[in-house]
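Below is the file coords_12.cif, which contains mmCIF, C-alpha atoms.
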data_start
loop_
_atom_site.group_PDB
_atom_site.id
_atom_site.type_symbol
_atom_site.label_atom_id
_atom_site.label_comp_id
_atom_site.auth_asym_id
_atom_site.auth_seq_id
_atom_site.Cartn_x
_atom_site.Cartn_y
_atom_site.Cartn_z
ATOM 1 C CA MET C 161 7.806 -9.960 -1.135
ATOM 2 C CA PRO C 162 9.818 -12.735 0.548
ATOM 3 C CA LYS C 163 11.186 -15.789 -1.246
ATOM 4 C CA PHE C 164 11.113 -19.310 0.151
ATOM 5 C CA CYS C 165 13.263 -22.288 -0.825
ATOM 6 C CA ILE C 166 11.221 -25.476 -0.595
ATOM 7 C CA ILE C 167 12.801 -28.916 -0.673
ATOM 8 C CA GLY C 168 10.667 -32.012 -1.056
ATOM 9 C CA GLU C 169 9.748 -34.733 -3.496
ATOM 10 C CA GLY C 170 7.183 -35.200 -6.199
ATOM 11 C CA ARG C 171 3.980 -36.804 -4.948
ATOM 12 C CA ASN C 172 3.720 -39.111 -7.968
ATOM 13 C CA SER C 173 7.314 -39.298 -9.207
ATOM 14 C CA ASN C 174 9.116 -39.573 -5.832
ATOM 15 C CA ARG C 175 11.876 -37.438 -7.378
ATOM 16 C CA LYS C 176 13.656 -34.855 -5.236
ATOM 17 C CA ARG C 177 12.554 -31.249 -5.863
ATOM 18 C CA LYS C 178 14.041 -27.942 -4.876
ATOM 19 C CA ARG C 179 12.124 -24.836 -5.918
ATOM 20 C CA ILE C 180 11.997 -21.185 -4.975
ATOM 21 C CA TYR C 181 8.616 -19.517 -4.467
ATOM 22 C CA GLN C 182 7.834 -15.852 -3.944
ATOM 23 C CA ALA C 183 4.913 -15.532 -1.546
ATOM 24 C CA PHE C 184 3.515 -13.292 1.175
ATOM 25 C CA ASP C 185 4.274 -15.861 3.887
ATOM 26 C CA LYS C 186 5.596 -19.364 4.540
ATOM 27 C CA ALA C 187 2.127 -20.980 4.542
ATOM 28 C CA THR C 188 1.350 -19.549 1.088
ATOM 29 C CA ALA C 189 4.690 -20.811 -0.284
ATOM 30 C CA VAL C 190 3.981 -24.302 1.103
ATOM 31 C CA ALA C 191 0.487 -24.239 -0.420
ATOM 32 C CA MET C 192 1.974 -23.227 -3.789
ATOM 33 C CA ALA C 193 4.422 -26.155 -3.656
ATOM 34 C CA GLU C 194 1.701 -28.606 -2.615
ATOM 35 C CA SER C 195 -0.498 -27.415 -5.489
ATOM 36 C CA GLU C 196 2.331 -28.560 -7.788
ATOM 37 C CA GLU C 197 2.200 -32.050 -6.266
ATOM 38 C CA THR C 198 5.256 -31.573 -4.020
ATOM 39 C CA ILE C 199 5.495 -33.254 -0.624
ATOM 40 C CA VAL C 200 7.228 -30.529 1.393
ATOM 41 C CA GLU C 201 10.132 -31.642 3.595
ATOM 42 C CA GLN C 202 11.983 -28.396 4.319
ATOM 43 C CA VAL C 203 11.234 -24.666 3.997
ATOM 44 C CA SER C 204 13.660 -21.777 4.424
ATOM 45 C CA GLN C 205 13.150 -18.083 3.809
ATOM 46 C CA LEU C 206 15.729 -16.455 1.509
ATOM 47 C CA GLN C 207 16.989 -12.934 2.000
ATOM 48 C CA ASN C 208 16.495 -10.438 -0.797
ATOM 49 C CA PRO C 209 19.774 -8.737 -1.741
ATOM 50 C CA SER C 210 20.267 -5.358 -0.057
ATOM 51 C CA ALA C 211 20.316 -2.200 -2.135
ATOM 52 C CA SER C 212 23.742 -0.650 -2.600
ATOM 53 C CA PRO C 213 24.475 2.752 -1.049
ATOM 54 C CA GLU C 214 24.597 4.145 -4.619
ATOM 55 C CA GLN C 215 21.113 2.835 -5.379
ATOM 56 C CA ILE C 216 19.717 4.314 -2.160
ATOM 57 C CA ALA C 217 21.448 7.643 -2.879
ATOM 58 C CA TYR C 218 19.985 7.682 -6.404
ATOM 59 C CA ALA C 219 16.502 6.935 -5.035
ATOM 60 C CA GLN C 220 16.902 9.745 -2.503
ATOM 61 C CA SER C 221 17.968 12.136 -5.275
ATOM 62 C CA LEU C 222 14.545 11.429 -6.846
ATOM 63 C CA GLY C 223 12.847 12.424 -3.572
ATOM 64 C CA LEU C 224 12.210 8.906 -2.278
ATOM 65 C CA THR C 225 12.583 8.134 1.418
ATOM 66 C CA LEU C 226 13.930 4.618 1.957
ATOM 67 C CA PRO C 227 15.336 2.801 4.975
ATOM 68 C CA LYS C 228 19.087 2.121 4.883
ATOM 69 C CA ASP C 229 18.417 -1.630 4.872
ATOM 70 C CA ALA C 230 15.983 -1.479 1.927
ATOM 71 C CA ASP C 231 16.299 -4.440 -0.396
ATOM 72 C CA ARG C 232 17.326 -4.028 -4.013
ATOM 73 C CA ILE C 233 13.992 -5.133 -5.468
ATOM 74 C CA ASP C 234 12.026 -2.548 -3.465
ATOM 75 C CA VAL C 235 14.463 0.218 -4.462
ATOM 76 C CA VAL C 236 14.319 -0.738 -8.159
ATOM 77 C CA MET C 237 10.498 -0.820 -8.075
ATOM 78 C CA SER C 238 10.303 2.544 -6.294
ATOM 79 C CA ILE C 239 12.646 4.186 -8.809
ATOM 80 C CA LEU C 240 10.754 2.664 -11.754
ATOM 81 C CA LEU C 241 7.443 3.951 -10.387
ATOM 82 C CA VAL C 242 8.757 7.507 -9.996
ATOM 83 C CA LEU C 243 10.419 7.613 -13.405
ATOM 84 C CA ALA C 244 7.392 6.034 -15.111
ATOM 85 C CA ASP C 245 5.099 8.624 -13.484
ATOM 86 C CA GLU C 246 7.404 11.352 -14.779
ATOM 87 C CA LYS C 247 7.412 9.658 -18.208
ATOM 88 C CA HIS C 248 11.137 8.995 -18.458
ATOM 89 C CA LYS C 249 12.787 6.304 -20.519
ATOM 90 C CA VAL C 250 14.933 4.130 -18.281
ATOM 91 C CA ARG C 251 18.093 2.109 -18.780
ATOM 92 C CA ALA C 252 17.585 -1.203 -16.960
ATOM 93 C CA VAL C 253 20.893 -2.706 -15.948
ATOM 94 C CA TYR C 254 21.859 -6.401 -15.840
ATOM 95 C CA LEU C 255 18.960 -8.001 -17.521
ATOM 96 C CA THR C 256 20.629 -10.886 -19.337
ATOM 97 C CA ASP C 257 20.627 -11.734 -22.999
ATOM 98 C CA ILE C 258 20.078 -15.164 -24.523
ATOM 99 C CA ASN C 259 23.716 -16.088 -23.716
ATOM 100 C CA ASN C 260 23.250 -15.033 -20.068
ATOM 101 C CA GLU C 261 25.516 -12.023 -20.607
ATOM 102 C CA PRO C 262 24.823 -8.643 -18.931
ATOM 103 C CA TRP C 263 22.628 -6.440 -21.085
ATOM 104 C CA SER C 264 21.309 -2.901 -20.517
ATOM 105 C CA PRO C 265 18.303 -2.110 -22.692
ATOM 106 C CA ILE C 266 16.428 1.183 -22.743
ATOM 107 C CA ILE C 267 12.853 0.645 -21.635
ATOM 108 C CA GLU C 268 9.630 2.575 -21.218
ATOM 109 C CA PRO C 269 8.030 1.317 -17.961
ATOM 110 C CA TYR C 270 4.312 0.611 -18.218
ATOM 111 C CA LYS C 271 2.958 -1.271 -15.193
ATOM 112 C CA PHE C 272 3.684 -4.055 -12.727
ATOM 113 C CA GLN C 273 1.933 -7.425 -12.820
ATOM 114 C CA ARG C 274 1.991 -10.209 -10.257
ATOM 115 C CA SER C 275 2.789 -13.705 -11.446
ATOM 116 C CA LYS C 276 3.615 -17.025 -9.808
ATOM 117 C CA GLU C 277 7.324 -16.211 -10.104
ATOM 118 C CA GLY C 278 7.077 -12.727 -8.604
ATOM 119 C CA ILE C 279 6.382 -9.187 -9.721
ATOM 120 C CA ARG C 280 6.873 -8.513 -13.424
ATOM 121 C CA LEU C 281 7.382 -5.201 -15.169
ATOM 122 C CA ARG C 282 5.546 -4.727 -18.461
ATOM 123 C CA CYS C 283 7.514 -2.306 -20.587
ATOM 124 C CA TRP C 284 8.303 -1.217 -24.114
ATOM 125 C CA VAL C 285 11.853 -2.189 -25.053
ATOM 126 C CA TYR C 286 13.704 -0.080 -27.593
ATOM 127 C CA GLU C 287 15.897 -1.799 -30.172
ATOM 128 C CA PRO C 288 19.380 -2.261 -28.704
ATOM 129 C CA LYS C 289 22.264 -0.454 -30.339
ATOM 130 C CA PRO C 290 24.486 -2.221 -31.169
ATOM 131 C CA VAL C 291 22.416 -5.345 -31.728
ATOM 132 C CA PRO C 292 23.977 -8.335 -29.887
ATOM 133 C CA ASP C 293 25.267 -11.258 -31.958
ATOM 134 C CA VAL C 294 22.363 -13.397 -30.789
ATOM 135 C CA VAL C 295 18.992 -11.721 -30.418
ATOM 136 C CA ALA C 296 15.939 -13.358 -28.855
ATOM 137 C CA ASP C 297 12.354 -12.187 -29.140
ATOM 138 C CA TYR C 298 12.582 -10.597 -25.691
ATOM 139 C CA GLN C 299 15.425 -8.374 -26.908
ATOM 140 C CA THR C 300 13.761 -6.989 -30.000
ATOM 141 C CA GLU C 301 11.757 -3.799 -29.982
ATOM 142 C CA GLY C 302 8.258 -4.226 -28.561
ATOM 143 C CA TRP C 303 6.246 -5.046 -25.434
ATOM 144 C CA HIS C 304 7.845 -7.385 -22.921
ATOM 145 C CA LEU C 305 7.490 -8.655 -19.357
ATOM 146 C CA TYR C 306 10.491 -8.840 -17.042
ATOM 147 C CA LEU C 307 10.786 -10.134 -13.488
ATOM 148 C CA VAL C 308 11.750 -7.160 -11.327
ATOM 149 C CA ASP C 309 14.185 -9.504 -9.511
ATOM 150 C CA ASP C 310 16.191 -9.726 -12.758
ATOM 151 C CA ILE C 311 16.759 -5.968 -12.867
ATOM 152 C CA GLU C 312 19.861 -4.974 -10.929
ATOM 153 C CA SER C 313 19.347 -1.222 -11.107
ATOM 154 C CA VAL C 314 17.699 1.453 -13.222
ATOM 155 C CA VAL C 315 18.771 4.942 -14.266
ATOM 156 C CA ASP C 316 17.028 7.773 -16.055
ATOM 157 C CA THR C 317 18.159 8.096 -19.686
ATOM 158 C CA GLY C 318 17.305 11.800 -19.745
ATOM 159 C CA GLU C 319 14.803 11.129 -22.535
ATOM 160 C CA SER C 320 11.046 11.309 -22.176
ATOM 161 C CA PHE C 321 8.377 9.172 -23.802
ATOM 162 C CA ILE C 322 4.761 9.521 -24.827
ATOM 163 C CA PRO C 323 2.879 6.693 -23.083
ATOM 164 C CA ARG C 324 1.734 4.083 -25.563
ATOM 165 C CA GLU C 325 -1.264 1.891 -24.923
ATOM 166 C CA TYR C 326 -0.590 -1.788 -24.436
ATOM 167 C CA ASN C 327 -2.446 -3.768 -27.102
ATOM 168 C CA GLY C 328 -1.429 -7.288 -26.142
ATOM 169 C CA SER C 329 0.955 -7.858 -29.028
ATOM 170 C CA THR C 330 4.653 -8.572 -28.741
ATOM 171 C CA THR C 331 7.376 -8.870 -31.310
ATOM 172 C CA LYS C 332 7.723 -12.444 -32.562
ATOM 173 C CA GLU C 333 11.115 -12.234 -34.167
ATOM 174 C CA LEU C 334 14.244 -14.300 -33.843
ATOM 175 C CA ILE C 335 17.504 -13.327 -35.505
ATOM 176 C CA VAL C 336 20.545 -15.581 -35.206
ATOM 177 C CA ARG C 337 23.956 -14.631 -36.560
ATOM 178 C CA ILE C 338 26.765 -17.191 -36.263
ATOM 179 C CA GLY C 339 30.082 -15.851 -37.544
ATOM 180 C CA ALA C 340 30.939 -14.759 -41.069
ATOM 181 C CA GLU C 341 30.584 -18.246 -42.556
ATOM 182 C CA GLY C 342 27.599 -19.398 -40.505
ATOM 183 C CA PRO C 343 23.886 -19.153 -41.253
ATOM 184 C CA ASP C 344 21.872 -15.970 -40.919
ATOM 185 C CA ILE C 345 18.396 -17.054 -39.798
ATOM 186 C CA GLN C 346 15.508 -14.616 -39.574
ATOM 187 C CA TRP C 347 11.920 -15.395 -38.572
#

Encoding of this model in structure tokens:
Amino acid sequence: MPKFCIIGEGRNSNRKRKRIYQAFDKATAVAMAESEETIVEQVSQLQNPSASPEQIAYAQSLGLTLPKDADRIDVVMSILLVLADEKHKVRAVYLTDINNEPWSPIIEPYKFQRSKEGIRLRCWVYEPKPVPDVVADYQTEGWHLYLVDDIESVVDTGESFIPREYNGSTTKELIVRIGAEGPDIQW
């Protein structure tokens, strides 16, 4: 789905705004901005990043047929769909942790959901080993939603899973570790 950069100003605040919307077309993106009280001044369509030759080759090794100019998001979604159908755990690469550092959790793909920000993947995340120094609730074991745009690539872990039913609960845990002398906070 294309992304649009919309520049304008707040209808009530008169403050400059620049936001990115994911929509089926330009008119829908403008309508989304206007619904958030933005007076639209400029709209430009952004290009999705292209898939790397390695990503396309990996998708083809799974039996997928993709055009050479396929974008990364479409390739990642296609691979996730195939591996989820075959019930494989997946390593999702370059999701970021709370410090915005690269992070590669093992996930069990469940389903895709559309949201205002784009397409999200609902998945079961396995506890990372080793646990990062700073762990947020979206890094702990449990059900989570991730924007597919945030996933750089996915690979099969070689492990299978037994599909678990989503029950609407997520882990509500925060663990913060700050050095040897610092506090150790657990919720």

* To do: Up to 9 Å from (18.4, -5.7, -0.5) in the file's coordinates: name the residues, counting only C-alpha atoms, as a ChimeraX atom specification.
  => /C:207-212,229-235

* **Nearest candidate to C:Tyr326 (options C:Ile311, C:Leu241, C:Val236, C:Leu305; using only C-alpha atoms)** => C:Leu305

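Put simply, the PyMOL selection byres ((chain C and resi 175-180) around 8) in this file takes in Lys163, Phe164, Cys165, Ile166, Ile167, Gly168, Glu169, Gly170, Ser173, Asn174, Tyr181, Gln182 and Thr198 of chain C.
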
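One distance worth recording is that between atom CA of C:Ile258 and atom CA of C:Ala183, which is 27.5 Å.
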
* **Atomic separation - atom CA of C:Gly278 relative to atom CA of C:Ile239, Å** => 17.8 Å

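Of note, atom CA of C:Lys249 and atom CA of C:Ser221 are spaced 17.1 Å apart.
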
* With all atoms listed in the file as the atoms that count, which of C:Lys271, C:Lys289, C:Arg171, C:Lys186 lies nearest to C:Trp303? -> C:Lys271

* Asked: Between C:Tyr306, C:Thr256, C:Asp185, C:Arg251, which one has atoms that come closest to C:Tyr286, using all atoms listed in the file?
  -> C:Arg251

* Might you pull out every residue within 10 Å of C:Pro265, with only C-alpha atoms counted and same-chain residues fewer than 4 positions away left off, and present them as a PyMOL selection string? => chain C and resi 250-257+285-289+299-301

How about saving the chosen residues, C-alpha atoms kept, as an mmCIF file, in the frame of the given file?
data_model
loop_
_atom_site.group_PDB
_atom_site.id
_atom_site.type_symbol
_atom_site.label_atom_id
_atom_site.label_comp_id
_atom_site.auth_asym_id
_atom_site.auth_seq_id
_atom_site.Cartn_x
_atom_site.Cartn_y
_atom_site.Cartn_z
ATOM 1 C CA VAL C 250 14.933 4.130 -18.281
ATOM 2 C CA ARG C 251 18.093 2.109 -18.780
ATOM 3 C CA ALA C 252 17.585 -1.203 -16.960
ATOM 4 C CA VAL C 253 20.893 -2.706 -15.948
ATOM 5 C CA TYR C 254 21.859 -6.401 -15.840
ATOM 6 C CA LEU C 255 18.960 -8.001 -17.521
ATOM 7 C CA THR C 256 20.629 -10.886 -19.337
ATOM 8 C CA ASP C 257 20.627 -11.734 -22.999
ATOM 9 C CA VAL C 285 11.853 -2.189 -25.053
ATOM 10 C CA TYR C 286 13.704 -0.080 -27.593
ATOM 11 C CA GLU C 287 15.897 -1.799 -30.172
ATOM 12 C CA PRO C 288 19.380 -2.261 -28.704
ATOM 13 C CA LYS C 289 22.264 -0.454 -30.339
ATOM 14 C CA GLN C 299 15.425 -8.374 -26.908
ATOM 15 C CA THR C 300 13.761 -6.989 -30.000
ATOM 16 C CA GLU C 301 11.757 -3.799 -29.982
#

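Residues captured in this structure file are Ala244, Lys247, His248, Lys249, Val250, Arg251, Ile266, Ile267, Pro269, Tyr270, Arg282, Cys283, Trp284, Val285, Tyr286, Ser320, Phe321 and Pro323 of chain C, according to the PyMOL selection byres ((chain C and resi 268) around 9).
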
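When all atoms listed in the file are used to measure the gap to C:Gln205, the shortest distance among C:Ala187, C:Ala217, C:Ile322, C:Leu222 belongs to C:Ala187.
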